[in-house]
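Contents: one structure, followed by commentary.
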Amino acid sequence: MERTLSHDEVAELLGAYALDAVESDEAAAIAAHLETCPRCSAELAEHREVVGMIANAGGDAPVELWDRIAQQIQPPGAPPDRRPAGVAPPTPLAGARRRRRTGRAVAAVAAGAAAAVIALLGVQVGRLDNRVGQLAAAAQHTGLSQAVQAAFLATDKRTVTLADRSGTPAADLLILPDGSAFVVNVHLRALPADRTYQLWAFAGGRPVSLGLLGNHPVDVPFTVNPTVAATTFAVTTEPAGGVVAPTSAPVAASPGAV
Amino acid sequence: MLKLDTASDAALVVAIARLHEPALAEAYRRHGGAVHALARRVLGAPSLAEEVTQEVFVDLWNNPQRFDPGRGALRTFLMTKAHGRAVDTLRSETARRRREEAGLRETASSGYDIEHLAWDLAIAEQVKEAVTSLPADERTAIEMAYFDGRTYREVASILGQPEGTVKSRIRNGLRRLRTALAQHGVETAWNER
């Protein structure tokens, strides 16, 4: 059911789309249009914000439901990448969760070929919490520079250099073990106002957006999901507002990226 | 240490990305009630609403990077997810059967009661005022689509109105609501958390 809708047709449907009230073939066509139309994306975001408010009929969150959620996010036999290196598998549930709460879980190691990759982005919670909390706070309250400096000074960061097509360094990624990260040393030319740079990670060959860098990036914070084994990174230029999947070849990429 | 009760939603999501379970608990405390109430309102059956709520928060845990604080509030993000999942459930046949068997769904004509629901106190009055100030046909179209999970075509057929009319009533109604809420200074209520 390939169906294409014009900009005007999509625009007329944006209200209904925000309410999940379009037919499924229309939804697919609208989603495709949104990837390339910042104007429609912006209008949709506004509608959704309003919709979120009129729906705001909440009482307290049901407590017993939280217990079920908590169980589901840390199932018995938790994945190996959440376990400290060299430690025997935790006793189901309580073991895994309590150790994280008391803050002693540190490194991440997995068996087999994935081990190296996962270890690179591995989870280090616990003792890092303090420092990361301060980093996040610094980023929020006093601007970026302090947080970036702290990231530069961190001994446990991973640095990834992105190079342009001629091999000249275009930017560095500083990735901290907890997943907070920064794009620094950016040498990317300024783009027109209706374009943006977008940063991608490739996990299992699939691009995952890590965020928009703006049309004239300097130091930009982003977050890497520490549980996703992202091996390579790339930057593309996209319409302002960003896209769900890259629409152009990377202008800068880490070694090994396609 | 991150102080959870005063942390911004964006900071909570950063902590969630670090697998910090108390941060997810705090996000649930803040937004779980609204998410659950919406799912309940759309689906009727408590068990289905709980499933949707659970999925929404487990998904936030597994894929925190899907939330982009630059593009809207966490509440909006979660409510969008919850509504999408609720509607998917509603439109699946199994669920329809389960619901009918349980006899839990209200009839379409009795459901338009959003002004009777319990509102988030800080913005309750303004939102209520904005909603009641909508022209009745816009409000009806929005409520039938959103709370009953109907498509605009279904709404048009139920009301015996052209599809194009219903489409534009929904869109215009949402725009009107936005303007009305902005005039009351409501728009940033969740962003400043």
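Starting from 1 in every chain, residues are counted up; chains themselves are A, B, ... following the order of the structure tokens, and ligands are numbered from 1 as listed.
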Do you know which residues are at most 12 Å from Gly32 (chain B) counting only C-alpha atoms, after dropping those on the same chain fewer than 6 positions away, and could you put them as a PyMOL selection string?
(chain A and resi 56-66+69) or (chain B and resi 24-26+38-40+49-50+52-58+60+74-75+78-79+82)
Just want the 10 Å neighbourhood of region 28-31 of chain A, counted on only C-alpha atoms, with same-chain residues fewer than 3 positions away dropped. Output as a PyMOL selection string.
chain A and resi 1-7+9-11+13-14+17+22-25+34-37+40-41+244
How would the residues just chosen look if you wrote them out with C-alpha atoms as a CSV table (one decimal), in the first residue's frame?
chain,number,residue,atom,x,y,z
A,1,MET,CA,0.0,0.0,0.0
A,2,GLU,CA,2.5,2.6,-1.2
A,3,ARG,CA,0.8,5.9,-0.9
A,4,THR,CA,2.2,9.4,-1.2
A,5,LEU,CA,0.6,12.5,0.2
A,6,SER,CA,1.3,16.1,-0.8
A,7,HIS,CA,2.5,18.6,1.7
A,9,GLU,CA,-2.7,16.8,2.3
A,10,VAL,CA,-0.4,15.9,5.1
A,11,ALA,CA,-0.8,19.3,6.7
A,13,LEU,CA,-4.2,15.5,8.5
A,14,LEU,CA,-1.7,16.6,11.2
A,17,TYR,CA,-2.4,12.3,13.2
A,22,VAL,CA,-5.7,8.4,10.7
A,23,GLU,CA,-5.9,5.2,8.7
A,24,SER,CA,-2.7,3.1,8.8
A,25,ASP,CA,-1.8,3.7,5.1
A,34,LEU,CA,7.5,14.3,8.3
A,35,GLU,CA,11.1,13.0,7.9
A,36,THR,CA,11.7,15.7,5.3
A,37,CYS,CA,9.4,18.5,6.3
A,40,CYS,CA,5.0,19.7,9.5
A,41,SER,CA,7.2,18.2,12.2
A,244,VAL,CA,14.5,9.4,11.4
Considering only C-alpha atoms, state which residue in the set B:His20, B:Arg175, B:Lys128, B:Arg150 is at the smallest distance from Ile54 (chain A).
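Smallest separation from Ile54 (chain A) among the options: B:Lys128.
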Option closest in space to Pro22 (chain B), from A:Leu153, A:Leu19, A:Leu44, A:Ile73 [counting only C-alpha atoms]
A:Ile73
Using only C-alpha atoms, can you tell me which of B:Thr89, B:Thr140, B:Gln161, B:Asn63 comes closest to chain A?
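Using only C-alpha atoms, chain A sits closest to B:Asn63.
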Near Pro250 (chain A), counting only C-alpha atoms, which residues have an atom at most 6 Å away, once you skip same-chain residues fewer than 2 positions from it, shown as a VMD selection string?
chain A and resid 234 to 236 252
Might you pull out every residue within 12 Å of Lys167 (chain B), with only C-alpha atoms counted and same-chain residues fewer than 4 positions away left off, and present them as JSON, numbers by chain?
{"A": [9, 10, 11, 12, 13, 14, 15, 16, 17, 18, 19, 21, 22], "B": [137, 138, 141, 142, 145, 151, 152, 153, 154, 155, 156, 161, 162, 163, 171, 172, 173, 174]}
